[in-house]
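Peer 1: This one is my_file_33.csv, CSV, C-alpha atoms.
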```
chain,number,residue,atom,x,y,z
X,10,MET,CA,-7.9,-19.5,-15.4
X,11,LYS,CA,-8.7,-16.4,-17.5
X,12,ILE,CA,-8.4,-13.5,-15.1
X,13,LEU,CA,-9.3,-9.9,-15.6
X,14,VAL,CA,-7.5,-7.5,-13.2
X,15,VAL,CA,-9.1,-4.1,-13.1
X,16,SER,CA,-6.5,-1.5,-12.0
X,17,PRO,CA,-6.5,2.1,-10.9
X,18,LEU,CA,-6.3,4.8,-13.5
X,19,LYS,CA,-4.4,7.2,-11.3
X,20,ARG,CA,-1.1,5.5,-11.9
X,21,GLU,CA,0.2,3.0,-14.5
X,22,ILE,CA,1.2,-0.6,-13.6
X,23,THR,CA,4.9,-1.1,-14.6
X,24,PRO,CA,8.0,-2.8,-13.2
X,25,LYS,CA,9.4,0.6,-12.0
X,26,ILE,CA,6.3,1.9,-10.2
X,27,THR,CA,6.8,2.7,-6.5
X,28,ALA,CA,3.3,3.5,-5.2
X,29,ALA,CA,1.9,0.7,-3.0
X,30,ARG,CA,-1.3,-0.3,-4.8
X,31,PRO,CA,0.2,-0.5,-8.3
X,32,ARG,CA,3.2,-2.4,-6.9
X,33,VAL,CA,0.9,-5.0,-5.3
X,34,ILE,CA,-1.0,-5.3,-8.6
X,35,PHE,CA,2.2,-5.7,-10.6
X,36,ASP,CA,3.6,-8.4,-8.3
X,37,LEU,CA,0.3,-10.3,-8.1
X,38,VAL,CA,-0.2,-10.3,-11.9
X,39,SER,CA,3.4,-11.4,-12.5
X,40,GLY,CA,3.0,-14.2,-10.0
X,41,LEU,CA,-0.3,-15.4,-11.5
X,42,ILE,CA,1.3,-15.4,-15.0
X,43,LYS,CA,4.2,-17.5,-13.6
X,44,LYS,CA,1.6,-20.0,-12.4
X,45,GLY,CA,0.3,-20.3,-16.0
X,46,HIS,CA,-2.8,-18.2,-15.8
X,47,GLY,CA,-3.9,-15.9,-18.6
X,48,VAL,CA,-4.2,-12.4,-17.2
X,49,SER,CA,-5.6,-9.2,-18.8
X,50,ILE,CA,-5.4,-5.8,-17.2
X,51,LEU,CA,-8.1,-3.2,-17.7
X,52,GLY,CA,-6.5,0.1,-17.0
X,53,THR,CA,-4.1,2.6,-18.4
X,54,GLY,CA,-2.5,2.3,-21.9
X,55,ASP,CA,0.9,3.0,-20.5
X,56,SER,CA,0.9,0.0,-18.2
X,57,ILE,CA,3.5,-2.7,-18.9
X,58,VAL,CA,3.4,-6.1,-17.3
X,59,PRO,CA,5.3,-8.8,-19.2
X,60,GLY,CA,3.0,-11.6,-20.3
X,61,ALA,CA,-0.2,-9.6,-19.5
X,62,LYS,CA,-2.6,-8.2,-22.1
X,63,ILE,CA,-3.4,-4.5,-21.5
X,64,ILE,CA,-6.9,-3.3,-22.3
X,65,PRO,CA,-6.7,0.5,-22.2
X,66,VAL,CA,-9.4,2.7,-20.8
X,67,ILE,CA,-7.2,5.8,-21.1
X,68,PRO,CA,-3.9,6.3,-23.0
X,69,LYS,CA,-1.9,7.5,-19.9
X,70,SER,CA,-2.5,7.5,-16.2
X,71,PHE,CA,-4.0,10.5,-14.5
X,72,VAL,CA,-0.7,11.6,-13.1
X,73,ARG,CA,0.8,11.6,-16.6
X,74,MET,CA,-2.0,13.4,-18.3
X,75,PRO,CA,-1.8,17.2,-19.1
X,76,ALA,CA,-3.7,19.5,-16.7
X,77,SER,CA,-7.4,19.9,-17.4
X,78,GLU,CA,-9.8,22.7,-16.6
X,79,ASN,CA,-11.9,20.4,-14.4
X,80,PRO,CA,-9.9,17.3,-13.3
X,81,PHE,CA,-12.9,16.0,-11.3
X,82,TYR,CA,-15.0,15.7,-14.4
X,83,THR,CA,-12.1,14.3,-16.5
X,84,GLU,CA,-11.2,11.6,-14.0
X,85,THR,CA,-14.8,10.5,-13.0
X,86,GLY,CA,-15.6,10.4,-16.7
X,87,PHE,CA,-12.8,7.9,-17.4
X,88,LEU,CA,-13.8,5.9,-14.3
X,89,ALA,CA,-17.4,5.7,-15.6
X,90,LYS,CA,-16.0,4.6,-19.0
X,91,MET,CA,-14.0,1.9,-17.2
X,92,ALA,CA,-17.1,0.5,-15.5
X,93,LYS,CA,-19.0,0.4,-18.8
X,94,ILE,CA,-16.1,-1.5,-20.5
X,95,LEU,CA,-16.0,-3.9,-17.6
X,96,GLU,CA,-19.8,-4.4,-17.9
X,97,LYS,CA,-19.3,-5.3,-21.6
X,98,ILE,CA,-16.3,-7.6,-21.4
X,99,GLY,CA,-16.2,-8.9,-17.8
X,100,SER,CA,-18.3,-12.0,-18.4
X,101,ASN,CA,-15.7,-13.3,-20.9
X,102,PHE,CA,-13.4,-14.1,-17.9
X,103,ASP,CA,-13.4,-16.8,-15.3
X,104,ILE,CA,-12.9,-14.3,-12.6
X,105,ILE,CA,-12.5,-10.5,-12.2
X,106,HIS,CA,-10.2,-9.0,-9.6
X,107,ASN,CA,-11.0,-5.3,-8.9
X,108,HIS,CA,-8.3,-3.0,-7.5
X,109,THR,CA,-9.6,0.3,-8.9
X,110,TYR,CA,-9.3,3.6,-7.0
X,111,PRO,CA,-12.0,4.1,-5.7
X,112,GLU,CA,-12.9,0.4,-5.4
X,113,PHE,CA,-16.7,0.9,-5.4
X,114,ILE,CA,-16.9,2.4,-8.9
X,115,ASN,CA,-16.9,-1.0,-10.6
X,116,LEU,CA,-19.3,-2.5,-8.0
X,117,LEU,CA,-22.0,-0.4,-9.7
X,118,VAL,CA,-22.0,-2.9,-12.6
X,119,ALA,CA,-20.9,-6.1,-10.8
X,120,ARG,CA,-24.5,-7.5,-10.5
X,121,ASN,CA,-24.8,-7.3,-14.3
X,122,LEU,CA,-21.8,-9.7,-14.8
X,123,LYS,CA,-21.9,-13.5,-15.0
X,124,SER,CA,-18.3,-13.8,-13.7
X,125,PRO,CA,-17.5,-13.4,-9.9
X,126,VAL,CA,-15.9,-10.1,-8.9
X,127,ILE,CA,-13.3,-10.0,-6.2
X,128,THR,CA,-12.5,-6.5,-4.9
X,129,THR,CA,-9.5,-5.9,-2.7
X,130,ILE,CA,-10.2,-2.8,-0.6
X,131,HIS,CA,-6.8,-1.0,-0.3
X,132,ALA,CA,-8.1,2.2,1.2
X,133,GLN,CA,-8.6,2.9,4.9
X,134,ILE,CA,-12.1,2.1,6.0
X,135,THR,CA,-13.8,5.3,6.9
X,136,PRO,CA,-17.5,5.5,8.0
X,137,GLU,CA,-18.2,7.0,4.6
X,138,LEU,CA,-16.5,4.2,2.7
X,139,ASP,CA,-18.1,1.6,5.0
X,140,GLU,CA,-21.5,2.9,4.2
X,141,VAL,CA,-20.9,3.0,0.4
X,142,LEU,CA,-19.5,-0.5,0.3
X,143,SER,CA,-22.4,-1.9,2.4
X,144,TYR,CA,-24.8,-0.9,-0.4
X,145,PHE,CA,-23.3,-3.8,-2.4
X,146,ASN,CA,-23.7,-6.5,0.4
X,147,ASP,CA,-26.6,-8.1,-1.6
X,148,VAL,CA,-24.6,-8.5,-4.8
X,149,LYS,CA,-24.3,-12.3,-5.0
X,150,ASN,CA,-21.3,-12.4,-7.3
X,151,SER,CA,-19.3,-9.8,-5.3
X,152,TYR,CA,-16.6,-10.8,-2.8
X,153,LEU,CA,-14.7,-8.1,-0.8
X,154,ILE,CA,-11.1,-8.7,0.5
X,155,SER,CA,-9.6,-6.7,3.4
X,156,LEU,CA,-5.9,-6.4,4.0
X,157,SER,CA,-5.7,-7.1,7.7
X,158,ARG,CA,-7.8,-7.9,10.8
X,159,ALA,CA,-7.5,-4.2,11.9
X,160,HIS,CA,-8.7,-3.1,8.5
X,161,ARG,CA,-11.7,-5.4,8.6
X,162,LYS,CA,-12.5,-4.4,12.2
X,163,LEU,CA,-13.2,-0.8,11.0
X,164,ALA,CA,-16.1,-2.0,8.9
X,165,LYS,CA,-19.3,-1.9,10.8
X,166,LYS,CA,-21.7,-2.4,7.9
X,167,THR,CA,-19.7,-3.9,5.1
X,168,LYS,CA,-19.6,-7.7,4.6
X,169,PHE,CA,-16.1,-9.0,3.8
X,170,TYR,CA,-15.4,-12.4,2.4
X,171,LYS,CA,-11.9,-12.9,3.8
X,172,ILE,CA,-8.6,-11.3,4.8
X,173,ILE,CA,-5.6,-11.6,2.5
X,174,TYR,CA,-2.3,-9.9,3.4
X,175,ASN,CA,-0.2,-8.1,0.9
X,176,GLY,CA,3.1,-9.7,0.0
X,177,VAL,CA,6.6,-8.3,-0.8
X,178,ASP,CA,9.3,-9.5,-3.2
X,179,THR,CA,11.8,-11.1,-0.9
X,180,ASN,CA,14.2,-11.5,-3.9
X,181,LEU,CA,14.3,-7.8,-4.2
X,182,TYR,CA,14.2,-6.8,-0.5
X,183,LYS,CA,17.1,-9.0,0.6
X,184,LEU,CA,18.5,-9.5,4.0
X,185,CYS,CA,21.4,-7.2,5.0
X,186,GLU,CA,22.9,-7.6,8.4
X,187,LYS,CA,25.4,-4.8,8.1
X,188,LYS,CA,23.6,-1.6,9.3
X,189,ASP,CA,24.5,2.1,9.4
X,190,ASP,CA,23.6,4.3,12.2
X,191,TYR,CA,20.4,6.1,10.9
X,192,PHE,CA,16.7,5.9,11.3
X,193,LEU,CA,14.5,5.6,8.1
X,194,TRP,CA,11.1,7.0,7.5
X,195,ILE,CA,9.3,6.6,4.1
X,196,GLY,CA,5.8,7.9,3.6
X,197,ARG,CA,3.3,10.4,2.1
X,198,LEU,CA,3.0,14.0,3.1
X,199,SER,CA,-0.8,14.3,2.8
X,200,LYS,CA,-2.4,17.4,1.5
X,201,ALA,CA,-5.3,17.0,3.9
X,202,LYS,CA,-5.8,19.7,6.6
X,203,ASP,CA,-7.8,20.0,9.8
X,204,LYS,CA,-10.3,22.7,10.5
X,205,LYS,CA,-7.5,25.0,11.8
X,206,GLY,CA,-5.6,24.6,8.5
X,207,LYS,CA,-2.9,22.3,10.0
X,208,PHE,CA,-1.7,19.4,7.9
X,209,LEU,CA,-3.1,16.1,9.3
X,210,ASP,CA,0.2,14.1,8.9
X,211,PRO,CA,-1.4,10.6,8.7
X,212,LYS,CA,2.0,9.0,8.1
X,213,GLY,CA,3.5,10.7,11.1
X,214,ILE,CA,6.6,12.4,9.8
X,215,ARG,CA,6.5,14.9,12.6
X,216,TRP,CA,7.0,12.1,15.2
X,217,ALA,CA,10.0,10.8,13.3
X,218,ILE,CA,11.7,14.2,13.2
X,219,LYS,CA,10.9,14.8,16.9
X,220,LEU,CA,12.4,11.5,17.9
X,221,ALA,CA,15.6,12.2,15.9
X,222,ARG,CA,16.0,15.7,17.3
X,223,GLU,CA,15.5,14.6,20.9
X,224,THR,CA,17.9,11.7,20.7
X,225,ASN,CA,20.4,13.5,18.5
X,226,SER,CA,20.1,10.7,15.9
X,227,ARG,CA,20.6,10.6,12.1
X,228,LEU,CA,17.3,10.3,10.2
X,229,PHE,CA,16.7,9.8,6.5
X,230,LEU,CA,13.3,10.9,5.1
X,231,THR,CA,11.8,10.3,1.7
X,232,GLY,CA,8.4,10.0,0.1
X,233,ASN,CA,5.8,11.7,-2.1
X,234,VAL,CA,4.8,15.3,-1.2
X,235,GLU,CA,1.2,16.0,-2.1
X,236,ASP,CA,1.4,19.7,-0.9
X,237,LYS,CA,4.8,21.4,-0.9
X,238,GLU,CA,3.6,23.8,1.8
X,239,PHE,CA,3.6,20.8,4.2
X,240,PHE,CA,7.2,20.1,3.4
X,241,ASP,CA,8.2,23.8,3.7
X,242,THR,CA,6.4,24.2,7.0
X,243,ASP,CA,7.0,20.9,8.9
X,244,VAL,CA,10.0,19.3,7.3
X,245,LYS,CA,12.4,21.8,5.7
X,246,PRO,CA,13.1,23.9,8.8
X,247,TYR,CA,14.4,20.8,10.6
X,248,LEU,CA,16.7,19.5,7.9
X,249,SER,CA,20.4,19.4,8.9
X,250,SER,CA,23.6,17.4,8.6
X,251,ARG,CA,21.8,14.7,10.7
X,252,ILE,CA,18.2,14.9,9.4
X,253,LYS,CA,18.1,14.6,5.6
X,254,TRP,CA,15.5,14.4,2.9
X,255,ILE,CA,16.6,11.9,0.3
X,256,GLY,CA,15.8,12.7,-3.4
X,257,PRO,CA,13.8,15.6,-4.9
X,258,VAL,CA,10.6,17.0,-3.4
X,259,SER,CA,8.0,15.5,-5.7
X,260,SER,CA,4.3,14.6,-5.8
X,261,GLU,CA,5.4,11.1,-6.8
X,262,GLN,CA,7.9,8.9,-4.9
X,263,PRO,CA,11.2,10.2,-6.5
X,264,LEU,CA,13.4,7.2,-5.7
X,265,PRO,CA,13.7,4.1,-7.8
X,266,LYS,CA,13.0,0.7,-6.1
X,267,LYS,CA,16.7,-0.3,-5.9
X,268,GLU,CA,17.6,2.9,-4.1
X,269,VAL,CA,14.7,2.4,-1.6
X,270,VAL,CA,15.9,-1.1,-1.0
X,271,LYS,CA,19.4,0.1,-0.2
X,272,LEU,CA,18.1,2.6,2.3
X,273,MET,CA,16.0,-0.1,4.0
X,274,GLN,CA,18.8,-2.6,4.1
X,275,ARG,CA,21.3,-0.3,5.8
X,276,ALA,CA,18.9,1.4,8.2
X,277,LYS,CA,19.3,0.8,12.0
X,278,VAL,CA,15.5,1.0,12.4
X,279,PHE,CA,12.5,1.8,10.3
X,280,LEU,CA,9.9,4.2,11.8
X,281,MET,CA,6.2,3.6,11.3
X,282,THR,CA,5.0,6.5,13.4
X,283,VAL,CA,1.5,6.6,11.9
X,284,ASN,CA,-1.3,8.8,13.1
X,285,TRP,CA,-4.0,6.9,11.2
X,286,GLU,CA,-5.4,3.3,11.0
X,287,GLU,CA,-2.9,1.9,8.5
X,288,PRO,CA,-4.8,-0.8,6.4
X,289,PHE,CA,-1.6,-2.8,5.9
X,290,GLY,CA,1.7,-0.9,5.6
X,291,LEU,CA,3.8,-2.4,2.8
X,292,VAL,CA,6.9,-0.6,3.9
X,293,ILE,CA,6.8,-2.4,7.3
X,294,ALA,CA,7.1,-5.8,5.5
X,295,GLU,CA,9.7,-4.5,3.1
X,296,ALA,CA,11.9,-3.2,5.9
X,297,GLN,CA,11.7,-6.5,7.8
X,298,ALA,CA,12.5,-8.4,4.7
X,299,CYS,CA,15.8,-6.5,4.6
X,300,GLY,CA,16.4,-7.5,8.2
X,301,THR,CA,15.6,-4.0,9.5
X,302,PRO,CA,13.5,-3.8,12.7
X,303,VAL,CA,10.5,-1.6,12.9
X,304,ILE,CA,9.3,0.7,15.6
X,305,GLY,CA,5.7,1.8,15.1
X,306,PHE,CA,2.6,3.0,16.9
X,307,ASN,CA,-0.1,0.5,17.6
X,308,ARG,CA,-2.5,1.7,14.9
X,309,GLY,CA,-4.1,-0.3,12.1
X,310,ALA,CA,-2.2,-3.3,11.0
X,311,VAL,CA,1.2,-2.5,12.7
X,312,SER,CA,0.8,-5.1,15.4
X,313,GLU,CA,-0.1,-7.7,12.8
X,314,LEU,CA,3.1,-7.2,10.9
X,315,VAL,CA,5.5,-6.5,13.7
X,316,VAL,CA,6.2,-9.2,16.3
X,317,ASN,CA,6.6,-7.0,19.4
X,318,GLY,CA,9.9,-7.6,21.0
X,319,LYS,CA,11.1,-9.9,18.3
X,320,THR,CA,11.1,-8.0,15.0
X,321,GLY,CA,10.6,-4.6,16.4
X,322,PHE,CA,8.5,-2.8,18.9
X,323,VAL,CA,4.8,-1.8,18.9
X,324,VAL,CA,4.3,1.4,20.9
X,325,LYS,CA,1.0,2.5,22.5
X,326,PRO,CA,0.1,5.9,20.8
X,327,ARG,CA,-0.7,7.5,24.2
X,328,GLU,CA,3.0,6.9,25.2
X,329,GLY,CA,4.1,9.2,22.3
X,330,ILE,CA,7.7,10.2,22.1
X,331,SER,CA,8.6,8.6,25.5
X,332,GLY,CA,7.3,5.3,24.1
X,333,LEU,CA,9.4,5.6,21.0
X,334,LYS,CA,12.5,6.4,23.0
X,335,ALA,CA,11.9,3.4,25.3
X,336,ALA,CA,11.6,1.1,22.2
X,337,LEU,CA,14.7,2.6,20.7
X,338,LYS,CA,16.8,1.8,23.8
X,339,ASN,CA,16.1,-1.9,23.2
X,340,ILE,CA,16.4,-2.0,19.4
X,341,ASN,CA,19.8,-3.8,19.6
X,342,ARG,CA,18.0,-6.8,21.1
X,343,ILE,CA,16.3,-7.5,17.8
X,344,ASN,CA,17.8,-10.2,15.6
X,345,TYR,CA,17.9,-9.2,12.0
X,346,LYS,CA,17.2,-12.8,10.9
X,347,ASP,CA,14.0,-12.9,12.9
X,348,CYS,CA,12.8,-9.9,11.0
X,349,ARG,CA,13.5,-11.7,7.7
X,350,LYS,CA,11.9,-15.0,8.8
X,351,ASN,CA,8.7,-13.2,9.8
X,352,ILE,CA,8.2,-11.9,6.2
X,353,GLU,CA,9.2,-15.1,4.5
X,354,LYS,CA,6.7,-17.0,6.6
X,355,ASN,CA,3.8,-14.6,6.6
X,356,PHE,CA,4.1,-11.8,4.0
X,357,SER,CA,6.0,-13.1,1.0
X,358,LEU,CA,4.9,-12.4,-2.5
X,359,GLU,CA,4.6,-16.1,-3.1
X,360,LYS,CA,2.1,-16.5,-0.2
X,361,MET,CA,0.0,-13.6,-1.4
X,362,VAL,CA,-0.2,-15.0,-4.9
X,363,ASP,CA,-1.1,-18.5,-3.5
X,364,ASN,CA,-3.8,-17.1,-1.3
X,365,TYR,CA,-5.4,-15.2,-4.1
X,366,GLU,CA,-5.2,-18.2,-6.5
X,367,LYS,CA,-6.8,-20.4,-3.8
X,368,THR,CA,-9.5,-17.8,-3.3
X,369,TYR,CA,-10.3,-17.6,-7.0
X,370,LYS,CA,-10.6,-21.4,-7.3
X,371,GLU,CA,-12.7,-21.6,-4.2
X,372,ILE,CA,-15.2,-19.0,-5.4
X,373,ILE,CA,-15.4,-20.5,-9.0
X,374,ALA,CA,-15.9,-24.0,-7.5
X,375,ALA,CA,-18.7,-22.8,-5.2
X,376,ARG,CA,-20.5,-21.1,-8.1
```
Let me see the file written as structure tokens.

Peer 2:
Amino acid sequence: MKILVVSPLKREITPKITAARPRVIFDLVSGLIKKGHGVSILGTGDSIVPGAKIIPVIPKSFVRMPASENPFYTETGFLAKMAKILEKIGSNFDIIHNHTYPEFINLLVARNLKSPVITTIHAQITPELDEVLSYFNDVKNSYLISLSRAHRKLAKKTKFYKIIYNGVDTNLYKLCEKKDDYFLWIGRLSKAKDKKGKFLDPKGIRWAIKLARETNSRLFLTGNVEDKEFFDTDVKPYLSSRIKWIGPVSSEQPLPKKEVVKLMQRAKVFLMTVNWEEPFGLVIAEAQACGTPVIGFNRGAVSELVVNGKTGFVVKPREGISGLKAALKNINRINYKDCRKNIEKNFSLEKMVDNYEKTYKEIIAAR
């Protein structure tokens, strides 16, 4: 098949990228190329995927561009340019797979294309996004993919074609049965605030710190910091010899993949203490692939990725810190190999690539 993958412009697609959406795209494209398909990527000029043709919309990703006086105009201008390029070249491909951030931009031109357009919705389904996506329910060559049952359930108006789980590279995230005595939390410190000016903390770093402090446990933290004020206010005051921030404080994930893998492999438990409806949670699958059990709140897709009592524990959010502590007391009951088997069976990179390839063929055959 001739496949056109439309990627985000915010970040480049490369072997070293650590952000979740670009990582999924890199792994998917690499897997499709291994299966013999011809893949082109419409995206940033600094993207590098061996075997794929890069069709640049912009020389460098938004995060690599120099500051502009009005970034909103700059970025939306390039997104509009992307949609117009897609409209011009899209019909030359057997199928188009849209991953752009935001996903609905390219749906504005989808009805003008002869080729079918599959769009994976990576973002959380909010009422606003649900309404916007529903405007395209009548586009006959458009097929929307959700990342989990929980993700799909949030959509009240949007018509989804099917659910396809993300997959992780089990050759990179390898099983390690020798664990150190620390908890691990990896996530994003969001810049969003509530009406009172308090940071929203969708990824739940405050819960992780509270759990570590109340159990006198070692905790390693890392991730991307969108607003340093969040870090200075809610994280830095609690750092100590037992609670450590790993790597520099940066708006982009500062650690290379291999270092993240080592942290996951040696962790006693991975904490997924989210305060929002997580669409998938790639780090949950990565941790389990390393044989590391997960303790997380039952929000979003957490209960779909974690087998409660077997690969970790799913805690009711209303139980809060007491629920996390109760799960922690039983963490030694979890068999590391069961964690690994769960990912190999349900969330491997190979399974994700196979599922998308089958979906492409299914849609092309039906048309």

Peer 1: Nearest residue to Leu163 in chain X out of X:Pro288, X:Gly60, X:Gly47, X:Pro265, using all atoms listed in the file?

Peer 2: X:Pro288

Peer 1: Dig up all the protein and nucleic acid residues within 9 Å of (-7.6, -1.1, -16.9) in the file frame, using all atoms listed in the file, and format them as a compact mmCIF listing (two decimals) with C-alpha atoms, in the frame of the given file.

Peer 2:
```txt
# COMPACT_ATOMS: atom_id res chain seq x y z
CA VAL X 14 -7.50 -7.50 -13.20
CA VAL X 15 -9.10 -4.10 -13.10
CA SER X 16 -6.50 -1.50 -12.00
CA PRO X 17 -6.50 2.10 -10.90
CA LEU X 18 -6.30 4.80 -13.50
CA SER X 49 -5.60 -9.20 -18.80
CA ILE X 50 -5.40 -5.80 -17.20
CA LEU X 51 -8.10 -3.20 -17.70
CA GLY X 52 -6.50 0.10 -17.00
CA THR X 53 -4.10 2.60 -18.40
CA GLY X 54 -2.50 2.30 -21.90
CA SER X 56 0.90 0.00 -18.20
CA ILE X 63 -3.40 -4.50 -21.50
CA ILE X 64 -6.90 -3.30 -22.30
CA PRO X 65 -6.70 0.50 -22.20
CA VAL X 66 -9.40 2.70 -20.80
CA ILE X 67 -7.20 5.80 -21.10
CA MET X 91 -14.00 1.90 -17.20
CA LEU X 95 -16.00 -3.90 -17.60
CA THR X 109 -9.60 0.30 -8.90
```

Peer 1: Counting all atoms listed in the file, figure out which residue out of X:Asn233, X:Ser155, X:Ser39, X:Thr224 gets nearest to Ser331 in chain X.

Peer 2: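 Using all atoms listed in the file, Ser331 in chain X sits closest to X:Thr224.
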
Peer 1: CA of Phe71 in chain X and CA of Phe102 in chain X, how far apart in Å?

Peer 2: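 Separation between CA of Phe102 in chain X and CA of Phe71 in chain X: 26.6 Å.
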
Peer 1: Would you compute the distance between CA of Leu248 in chain X and CA of Val234 in chain X? Give it in Å to one decimal.

Peer 2: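 Between CA of Leu248 in chain X and CA of Val234 in chain X the gap is 15.6 Å.
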
Peer 1: In terms of the shortest atom-to-atom distance over only C-alpha atoms, which of X:Arg251, X:Lys90, X:Arg376, X:Lys237 is closest to Asp103 in chain X?

Peer 2: X:Arg376

Peer 1: Within 6 Å of range 92-94 of chain X, counting all atoms listed in the file, which residues show up once you throw out same-chain ones fewer than 3 positions away? Write them as number ranges by chain, please.

Peer 2: X: 89, 97, 115

Peer 1: Given only C-alpha atoms as the basis, pick out the residue of X:Leu333, X:Met74, X:Val283, X:Val141 nearest to Ile195 in chain X.

Peer 2: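 Using only C-alpha atoms, Ile195 in chain X sits closest to X:Val283.
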
Peer 1: Measuring between all atoms listed in the file, which one of X:Pro111, X:Pro211, X:Gly86, X:Pro136 shows the shortest distance to Glu286 in chain X?

Peer 2: X:Pro211

Peer 1: Set the distance at 12 Å and use only C-alpha atoms: which residues neighbour Asp147 in chain X once local chain neighbours fewer than 2 positions away are removed? I'd like the list as a ChimeraX atom specification.

Peer 2: /X:116,119-120,142-145,149-153,167-169

Peer 1: Report, in Å with one decimal, the straight-line distance from CA of Val362 in chain X to CA of Ile12 in chain X.

Peer 2: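 Atom-to-atom, CA of Val362 in chain X to CA of Ile12 in chain X, that is 13.2 Å.
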